[in-house]
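This is start-v5.pdb. It holds PDB, C-alpha atoms.
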```pdb
ATOM      1  CA  GLY A   1     -12.977   5.038  -2.280  1.00  0.00           C
ATOM      2  CA  ALA A   2     -11.214   4.851   1.082  1.00  0.00           C
ATOM      3  CA  PHE A   3     -10.973   7.186   4.052  1.00  0.00           C
ATOM      4  CA  GLY A   4      -8.332   7.327   6.764  1.00  0.00           C
ATOM      5  CA  ILE A   5      -5.527   9.426   8.224  1.00  0.00           C
ATOM      6  CA  HIS A   6      -2.130   9.191   6.526  1.00  0.00           C
ATOM      7  CA  PRO A   7       0.829   8.861   8.934  1.00  0.00           C
ATOM      8  CA  HIS A   8       2.053  12.313   7.901  1.00  0.00           C
ATOM      9  CA  ASN A   9      -1.136  13.712   9.478  1.00  0.00           C
ATOM     10  CA  ALA A  10      -1.346  11.338  12.443  1.00  0.00           C
ATOM     11  CA  LYS A  11      -0.837  14.257  14.844  1.00  0.00           C
ATOM     12  CA  TYR A  12      -4.322  15.469  13.901  1.00  0.00           C
ATOM     13  CA  TYR A  13      -6.053  12.172  14.619  1.00  0.00           C
ATOM     14  CA  ASP A  14      -8.597  12.469  17.431  1.00  0.00           C
ATOM     15  CA  GLU A  15     -12.135  11.332  18.241  1.00  0.00           C
ATOM     16  CA  LYS A  16     -13.680  14.053  16.089  1.00  0.00           C
ATOM     17  CA  ILE A  17     -11.607  13.120  13.040  1.00  0.00           C
ATOM     18  CA  GLU A  18     -12.278   9.443  13.645  1.00  0.00           C
ATOM     19  CA  GLN A  19     -16.016  10.046  13.741  1.00  0.00           C
ATOM     20  CA  ARG A  20     -15.816  12.045  10.530  1.00  0.00           C
ATOM     21  CA  ILE A  21     -13.981   9.156   8.845  1.00  0.00           C
ATOM     22  CA  ILE A  22     -16.657   6.736  10.027  1.00  0.00           C
ATOM     23  CA  GLU A  23     -19.347   9.018   8.629  1.00  0.00           C
ATOM     24  CA  CYS A  24     -17.581   9.240   5.265  1.00  0.00           C
ATOM     25  CA  LEU A  25     -17.261   5.464   5.156  1.00  0.00           C
ATOM     26  CA  GLN A  26     -21.061   5.197   5.109  1.00  0.00           C
ATOM     27  CA  HIS A  27     -20.986   6.319   1.480  1.00  0.00           C
ATOM     28  CA  PRO A  28     -21.969   3.412  -0.786  1.00  0.00           C
ATOM     29  CA  LYS A  29     -18.777   3.782  -2.817  1.00  0.00           C
ATOM     30  CA  ALA A  30     -16.481   3.771   0.239  1.00  0.00           C
ATOM     31  CA  ILE A  31     -14.966   0.314   0.511  1.00  0.00           C
ATOM     32  CA  ALA A  32     -11.871   0.546   2.734  1.00  0.00           C
ATOM     33  CA  TRP A  33     -10.200   2.340   5.647  1.00  0.00           C
ATOM     34  CA  GLY A  34      -6.961   4.071   4.746  1.00  0.00           C
ATOM     35  CA  GLU A  35      -4.417   4.789   3.874  1.00  0.00           C
ATOM     36  CA  CYS A  36      -2.995   4.681   7.351  1.00  0.00           C
ATOM     37  CA  GLY A  37       0.202   3.331   8.813  1.00  0.00           C
ATOM     38  CA  LEU A  38       3.764   4.420   9.527  1.00  0.00           C
ATOM     39  CA  ASP A  39       6.202   6.671   7.691  1.00  0.00           C
ATOM     40  CA  PHE A  40       9.520   6.708   9.530  1.00  0.00           C
ATOM     41  CA  GLN A  41      11.326   8.341   6.605  1.00  0.00           C
ATOM     42  CA  LYS A  42       9.777  11.792   6.747  1.00  0.00           C
ATOM     43  CA  ASN A  43       8.384  11.675  10.303  1.00  0.00           C
ATOM     44  CA  ASN A  44       5.975  14.539   9.647  1.00  0.00           C
ATOM     45  CA  SER A  45       4.224  13.324  12.795  1.00  0.00           C
ATOM     46  CA  PRO A  46       6.191  11.910  15.765  1.00  0.00           C
ATOM     47  CA  GLN A  47       6.685   8.171  15.530  1.00  0.00           C
ATOM     48  CA  GLU A  48       4.811   7.394  18.746  1.00  0.00           C
ATOM     49  CA  VAL A  49       1.879   9.477  17.524  1.00  0.00           C
ATOM     50  CA  GLN A  50       1.917   7.594  14.217  1.00  0.00           C
ATOM     51  CA  ILE A  51       1.890   4.280  16.075  1.00  0.00           C
ATOM     52  CA  THR A  52      -1.060   5.281  18.240  1.00  0.00           C
ATOM     53  CA  ALA A  53      -3.105   6.538  15.281  1.00  0.00           C
ATOM     54  CA  PHE A  54      -2.274   3.432  13.252  1.00  0.00           C
ATOM     55  CA  ILE A  55      -3.388   1.042  15.980  1.00  0.00           C
ATOM     56  CA  GLN A  56      -6.593   2.982  16.543  1.00  0.00           C
ATOM     57  CA  GLN A  57      -7.438   2.889  12.844  1.00  0.00           C
ATOM     58  CA  ILE A  58      -6.762  -0.859  12.657  1.00  0.00           C
ATOM     59  CA  LEU A  59      -9.176  -1.377  15.542  1.00  0.00           C
ATOM     60  CA  ARG A  60     -11.893   0.737  13.954  1.00  0.00           C
ATOM     61  CA  ALA A  61     -11.476  -0.865  10.526  1.00  0.00           C
ATOM     62  CA  THR A  62     -11.714  -4.361  11.947  1.00  0.00           C
ATOM     63  CA  GLU A  63     -14.776  -3.413  14.010  1.00  0.00           C
ATOM     64  CA  MET A  64     -16.460  -2.177  10.836  1.00  0.00           C
ATOM     65  CA  GLY A  65     -15.338  -5.175   8.790  1.00  0.00           C
ATOM     66  CA  LEU A  66     -13.597  -2.962   6.248  1.00  0.00           C
ATOM     67  CA  PRO A  67     -10.404  -3.775   4.354  1.00  0.00           C
ATOM     68  CA  ILE A  68      -7.485  -1.613   5.417  1.00  0.00           C
ATOM     69  CA  VAL A  69      -5.015   0.217   3.168  1.00  0.00           C
ATOM     70  CA  ILE A  70      -1.593   0.421   4.816  1.00  0.00           C
ATOM     71  CA  HIS A  71       1.261   2.852   4.205  1.00  0.00           C
ATOM     72  CA  SER A  72       4.592   1.524   5.501  1.00  0.00           C
ATOM     73  CA  ARG A  73       7.809   3.380   4.762  1.00  0.00           C
ATOM     74  CA  ASN A  74      11.114   2.672   6.509  1.00  0.00           C
ATOM     75  CA  ALA A  75       9.065   0.996   9.228  1.00  0.00           C
ATOM     76  CA  GLU A  76       9.146  -2.719   8.436  1.00  0.00           C
ATOM     77  CA  GLU A  77       9.799  -4.005  11.948  1.00  0.00           C
ATOM     78  CA  GLU A  78       7.272  -1.787  13.698  1.00  0.00           C
ATOM     79  CA  THR A  79       4.561  -2.285  11.069  1.00  0.00           C
ATOM     80  CA  LEU A  80       4.932  -6.048  11.321  1.00  0.00           C
ATOM     81  CA  ARG A  81       4.845  -5.935  15.119  1.00  0.00           C
ATOM     82  CA  ILE A  82       1.637  -3.893  15.145  1.00  0.00           C
ATOM     83  CA  LEU A  83      -0.088  -6.065  12.572  1.00  0.00           C
ATOM     84  CA  ARG A  84       0.808  -9.223  14.470  1.00  0.00           C
ATOM     85  CA  GLU A  85      -0.584  -7.782  17.683  1.00  0.00           C
ATOM     86  CA  PHE A  86      -3.699  -5.944  16.506  1.00  0.00           C
ATOM     87  CA  LEU A  87      -4.822  -7.218  13.093  1.00  0.00           C
ATOM     88  CA  PRO A  88      -6.893 -10.409  12.785  1.00  0.00           C
ATOM     89  CA  LYS A  89      -4.988 -12.854  10.593  1.00  0.00           C
ATOM     90  CA  GLU A  90      -7.803 -13.196   8.045  1.00  0.00           C
ATOM     91  CA  HIS A  91      -8.489  -9.473   7.632  1.00  0.00           C
ATOM     92  CA  ARG A  92      -8.206  -8.072   4.098  1.00  0.00           C
ATOM     93  CA  VAL A  93      -5.245  -5.732   3.634  1.00  0.00           C
ATOM     94  CA  HIS A  94      -3.848  -3.672   0.775  1.00  0.00           C
ATOM     95  CA  LEU A  95      -0.195  -2.901   1.508  1.00  0.00           C
ATOM     96  CA  HIS A  96       0.061   0.253  -0.539  1.00  0.00           C
ATOM     97  CA  CYS A  97       2.965   1.346  -2.749  1.00  0.00           C
ATOM     98  CA  PHE A  98       5.373  -1.416  -1.757  1.00  0.00           C
ATOM     99  CA  ASN A  99       9.106  -0.732  -2.028  1.00  0.00           C
ATOM    100  CA  ASP A 100      10.613  -2.757   0.801  1.00  0.00           C
ATOM    101  CA  SER A 101      12.599  -5.922   1.372  1.00  0.00           C
ATOM    102  CA  GLY A 102      11.834  -9.440   0.235  1.00  0.00           C
ATOM    103  CA  GLU A 103      12.001 -10.661   3.815  1.00  0.00           C
ATOM    104  CA  TYR A 104       9.312  -8.197   4.837  1.00  0.00           C
ATOM    105  CA  ALA A 105       7.073  -9.180   1.930  1.00  0.00           C
ATOM    106  CA  ALA A 106       7.530 -12.881   2.659  1.00  0.00           C
ATOM    107  CA  ALA A 107       6.646 -12.456   6.336  1.00  0.00           C
ATOM    108  CA  LEU A 108       3.503 -10.485   5.562  1.00  0.00           C
ATOM    109  CA  LEU A 109       2.340 -12.881   2.867  1.00  0.00           C
ATOM    110  CA  SER A 110       2.866 -15.952   5.031  1.00  0.00           C
ATOM    111  CA  GLU A 111       1.207 -14.559   8.158  1.00  0.00           C
ATOM    112  CA  PHE A 112      -1.743 -12.702   6.599  1.00  0.00           C
ATOM    113  CA  PRO A 113      -3.398 -14.795   3.874  1.00  0.00           C
ATOM    114  CA  ASN A 114      -5.703 -11.973   2.733  1.00  0.00           C
ATOM    115  CA  LEU A 115      -2.962  -9.365   2.419  1.00  0.00           C
ATOM    116  CA  TYR A 116      -2.229  -8.069  -1.072  1.00  0.00           C
ATOM    117  CA  ILE A 117       0.766  -5.978  -2.095  1.00  0.00           C
ATOM    118  CA  GLY A 118       0.367  -2.933  -4.328  1.00  0.00           C
ATOM    119  CA  ILE A 119       2.997  -2.273  -6.988  1.00  0.00           C
ATOM    120  CA  THR A 120       3.363   1.157  -8.586  1.00  0.00           C
ATOM    121  CA  GLY A 121       5.381   2.684 -11.414  1.00  0.00           C
ATOM    122  CA  THR A 122       8.441   2.413  -9.167  1.00  0.00           C
ATOM    123  CA  VAL A 123       8.896  -1.098 -10.573  1.00  0.00           C
ATOM    124  CA  THR A 124       9.962   0.513 -13.878  1.00  0.00           C
ATOM    125  CA  PHE A 125      12.615   2.811 -12.363  1.00  0.00           C
ATOM    126  CA  PRO A 126      16.199   1.977 -13.371  1.00  0.00           C
ATOM    127  CA  ASP A 127      17.378   2.026  -9.743  1.00  0.00           C
ATOM    128  CA  ALA A 128      14.569  -0.238  -8.451  1.00  0.00           C
ATOM    129  CA  LYS A 129      16.379  -3.569  -8.856  1.00  0.00           C
ATOM    130  CA  ARG A 130      15.513  -4.723  -5.334  1.00  0.00           C
ATOM    131  CA  LEU A 131      11.812  -4.157  -5.941  1.00  0.00           C
ATOM    132  CA  ARG A 132      11.921  -5.976  -9.265  1.00  0.00           C
ATOM    133  CA  ASP A 133      13.650  -8.914  -7.593  1.00  0.00           C
ATOM    134  CA  VAL A 134      10.955  -9.030  -4.905  1.00  0.00           C
ATOM    135  CA  VAL A 135       8.154  -8.848  -7.467  1.00  0.00           C
ATOM    136  CA  ARG A 136       9.730 -11.587  -9.564  1.00  0.00           C
ATOM    137  CA  ASP A 137      10.834 -13.960  -6.801  1.00  0.00           C
ATOM    138  CA  VAL A 138       8.779 -13.325  -3.646  1.00  0.00           C
ATOM    139  CA  ILE A 139       5.305 -11.951  -4.376  1.00  0.00           C
ATOM    140  CA  PRO A 140       3.066 -14.371  -6.310  1.00  0.00           C
ATOM    141  CA  LEU A 141       0.802 -12.911  -8.961  1.00  0.00           C
ATOM    142  CA  SER A 142      -2.146 -14.085  -6.863  1.00  0.00           C
ATOM    143  CA  ARG A 143      -1.173 -11.563  -4.164  1.00  0.00           C
ATOM    144  CA  LEU A 144      -0.365  -8.523  -6.318  1.00  0.00           C
ATOM    145  CA  LEU A 145      -2.333  -5.340  -6.953  1.00  0.00           C
ATOM    146  CA  LEU A 146      -1.667  -2.660  -9.580  1.00  0.00           C
ATOM    147  CA  GLU A 147      -1.744   0.974  -8.467  1.00  0.00           C
ATOM    148  CA  THR A 148      -0.437   4.377  -9.481  1.00  0.00           C
ATOM    149  CA  ASP A 149      -0.050   6.466  -6.302  1.00  0.00           C
ATOM    150  CA  ALA A 150      -1.080   9.304  -8.632  1.00  0.00           C
ATOM    151  CA  PRO A 151       0.019  11.970  -9.186  1.00  0.00           C
ATOM    152  CA  TYR A 152       3.390  10.534  -8.102  1.00  0.00           C
ATOM    153  CA  LEU A 153       5.623   7.644  -9.268  1.00  0.00           C
ATOM    154  CA  THR A 154       4.892   7.879 -12.968  1.00  0.00           C
ATOM    155  CA  PRO A 155       6.355   4.857 -14.798  1.00  0.00           C
ATOM    156  CA  VAL A 156       9.465   5.348 -16.887  1.00  0.00           C
ATOM    157  CA  GLU A 157       8.508   5.366 -20.528  1.00  0.00           C
ATOM    158  CA  PRO A 158       9.685   2.140 -22.200  1.00  0.00           C
ATOM    159  CA  GLY A 159      12.941   2.690 -24.079  1.00  0.00           C
ATOM    160  CA  ALA A 160      13.207   6.296 -22.884  1.00  0.00           C
ATOM    161  CA  GLY A 161      16.351   5.848 -20.808  1.00  0.00           C
ATOM    162  CA  SER A 162      16.721   6.616 -17.132  1.00  0.00           C
ATOM    163  CA  GLY A 163      16.045   9.478 -14.798  1.00  0.00           C
ATOM    164  CA  LYS A 164      13.060  11.646 -13.970  1.00  0.00           C
ATOM    165  CA  LYS A 165      13.386  13.604 -17.227  1.00  0.00           C
ATOM    166  CA  HIS A 166      12.207  10.463 -19.012  1.00  0.00           C
ATOM    167  CA  ARG A 167       9.052  10.195 -16.908  1.00  0.00           C
ATOM    168  CA  PRO A 168       5.807  12.035 -17.716  1.00  0.00           C
ATOM    169  CA  PRO A 169       5.177  14.792 -15.161  1.00  0.00           C
ATOM    170  CA  MET A 170       1.779  13.586 -13.932  1.00  0.00           C
ATOM    171  CA  ASN A 171       0.713  10.055 -13.039  1.00  0.00           C
ATOM    172  CA  HIS A 172      -2.832   8.766 -13.615  1.00  0.00           C
ATOM    173  CA  PRO A 173      -4.664   5.419 -13.970  1.00  0.00           C
ATOM    174  CA  GLY A 174      -3.912   5.358 -17.689  1.00  0.00           C
ATOM    175  CA  TYR A 175      -0.396   4.190 -16.790  1.00  0.00           C
ATOM    176  CA  ILE A 176      -1.617   0.990 -15.118  1.00  0.00           C
ATOM    177  CA  PRO A 177      -0.925  -0.996 -18.331  1.00  0.00           C
ATOM    178  CA  ASP A 178       2.739   0.082 -18.159  1.00  0.00           C
ATOM    179  CA  ILE A 179       3.010  -1.266 -14.617  1.00  0.00           C
ATOM    180  CA  ALA A 180       1.258  -4.472 -15.625  1.00  0.00           C
ATOM    181  CA  ALA A 181       3.605  -4.878 -18.596  1.00  0.00           C
ATOM    182  CA  ALA A 182       6.659  -4.548 -16.347  1.00  0.00           C
ATOM    183  CA  ILE A 183       5.284  -7.230 -14.027  1.00  0.00           C
ATOM    184  CA  ALA A 184       4.439  -9.521 -16.955  1.00  0.00           C
ATOM    185  CA  THR A 185       8.031  -9.235 -18.167  1.00  0.00           C
ATOM    186  CA  LEU A 186       9.462  -9.947 -14.722  1.00  0.00           C
ATOM    187  CA  LYS A 187       7.278 -12.998 -14.232  1.00  0.00           C
ATOM    188  CA  SER A 188       7.482 -14.211 -17.838  1.00  0.00           C
ATOM    189  CA  VAL A 189       3.711 -14.425 -18.180  1.00  0.00           C
ATOM    190  CA  PRO A 190       1.295 -12.952 -20.746  1.00  0.00           C
ATOM    191  CA  LEU A 191       0.127  -9.430 -20.026  1.00  0.00           C
ATOM    192  CA  GLU A 192      -3.475 -10.640 -20.063  1.00  0.00           C
ATOM    193  CA  ASP A 193      -2.690 -12.981 -17.162  1.00  0.00           C
ATOM    194  CA  VAL A 194      -1.512 -10.028 -15.083  1.00  0.00           C
ATOM    195  CA  PHE A 195      -4.673  -8.056 -15.823  1.00  0.00           C
ATOM    196  CA  LEU A 196      -6.997 -10.981 -15.100  1.00  0.00           C
ATOM    197  CA  GLN A 197      -5.308 -12.097 -11.896  1.00  0.00           C
ATOM    198  CA  THR A 198      -4.854  -8.642 -10.373  1.00  0.00           C
ATOM    199  CA  ARG A 199      -8.482  -7.868 -11.144  1.00  0.00           C
ATOM    200  CA  GLN A 200      -9.502 -11.078  -9.416  1.00  0.00           C
ATOM    201  CA  ASN A 201      -7.337 -10.093  -6.449  1.00  0.00           C
ATOM    202  CA  THR A 202      -9.589  -7.077  -5.834  1.00  0.00           C
ATOM    203  CA  THR A 203     -12.799  -9.070  -5.409  1.00  0.00           C
TER     204      THR A 203
END
```
Represent the structure of the file as structure tokens.
Amino acid sequence: GAFGIHPHNAKYYDEKIEQRIIECLQHPKAIAWGECGLDFQKNNSPQEVQITAFIQQILRATEMGLPIVIHSRNAEEETLRILREFLPKEHRVHLHCFNDSGEYAAALLSEFPNLYIGITGTVTFPDAKRLRDVVRDVIPLSRLLLETDAPYLTPVEPGAGSGKKHRPPMNHPGYIPDIAAAIATLKSVPLEDVFLQTRQNTT
């Protein structure tokens, strides 16, 4: 598991919450800090508050030697600036639920050698051509992770057409094979290779 404060709730981040997160991370099954980061699409917390909470959580995660799970939405430039300034280059990172530009992915992958990019069911959506292009052409299989973002972003059922009406209503880990299959098709590799490599990427 992982514990952190999502950018939507950054306005609640204080010393008491931080200490509670640190306590939770003592659990033997807690392996990462997050998700934390920036969400400049919804701005449920003010952007400056999100930035402050994000930096603080990076500092605590690096002090504890824990991988960090990052949420970055409509905030490519600011996320990259903060990571360059505050995150040690070799720190392990899971960039969660990626749906951004190829240029952003390329910069992150080149500058942070232990950063891995999580791909969700969004890769199966009919209108997600940009993401499919990035997965195929920019992100190597050795730097990919499979994730659901359950209960959201359920993959489109193969051959079911387009639109939300062709997606199951609730996402869960059982749909990981559908995401893996989409990536295997994009990269023209056997499905087993996707499973083996993405599993290796988590160790």
Would you please work out which residue, of A:Ala107, A:Ala181, A:Leu66, A:Cys97, is nearest to Arg84 in chain A when using only C-alpha atoms?
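For Arg84 in chain A, the nearest of the candidates is A:Ala107.
Counting from CA of Pro7 in chain A, the distance to CA of Ile117 in chain A is 18.5 Å.
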Point-to-point distance in Å for CA of Arg81 in chain A and CA of Ala61 in chain A:
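The value is 17.7 Å.
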May I ask for the distance between CA of Arg136 in chain A and CA of Glu111 in chain A, given in Å to one decimal place?
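For CA of Arg136 in chain A relative to CA of Glu111 in chain A, the distance reads 19.9 Å.
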Within 8 Å of Leu145 in chain A, counting all atoms listed in the file, which residues show up once you throw out same-chain ones fewer than 2 positions away? Write them as a PyMOL selection string, please.
chain A and resi 116-119+143+147+198-199+201-202
Give as a PyMOL selection string the set of residues within 9 Å of the point (-4.9, 8.9, 14.2), where distances use the file's coordinates and only C-alpha atoms.
chain A and resi 4-7+9-15+17-18+36+49-57
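Shortest separation to Gln197 in chain A among A:Thr148, A:Ser142, A:Thr79, A:Gln19 occurs at residue A:Ser142, atoms counted being only C-alpha atoms.
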Hey, what comes out of the PyMOL selection byres ((chain A and resi 80) around 12) on this file? Could you write it as JSON, numbers by chain?
{"A": [37, 38, 51, 55, 70, 71, 72, 73, 74, 75, 76, 77, 78, 79, 81, 82, 83, 84, 85, 86, 87, 95, 103, 104, 105, 106, 107, 108, 109, 110, 111, 112]}
Report as JSON the centre and the edge lengths, in Å to one decimal, of the axis-aligned box holding every listed atom of range 39-46 of chain A, padded by 4 Å on each side.
```
{"center_x": 7.8, "center_y": 10.6, "center_z": 11.2, "size_x": 15.1, "size_y": 15.9, "size_z": 17.2}
```
Taking the file as I've supplied it (selection: the PyMOL selection byres ((chain A and resi 191) around 12)), which residues are included? Please answer as a list in words.
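On this input, the PyMOL selection byres ((chain A and resi 191) around 12) captures Leu141, Ile176, Pro177, Asp178, Ile179, Ala180, Ala181, Ala182, Ile183, Ala184, Thr185, Leu186, Lys187, Ser188, Val189, Pro190, Glu192, Asp193, Val194, Phe195, Leu196, Gln197 and Thr198 of chain A.
By all atoms listed in the file, and with residues fewer than 6 positions from Met64 in chain A along its chain excluded, the set lying at most 12 Å from it is Ile21, Ile22, Glu23, Leu25, Gln26, Ile31, Ala32, Trp33, Gln57, Ile58 and His91 of chain A.
Nearest residue to Val123 in chain A, choosing from A:Ala150, A:His96, A:Asn44, A:Val156 and counting only C-alpha atoms: A:Val156.
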May I ask which of the residues A:Arg92, A:Asp133, A:Ile68, A:Thr154 is the closest one to Gly34 in chain A, counting only C-alpha atoms?
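Of the candidates, the smallest distance to Gly34 in chain A is held by A:Ile68.
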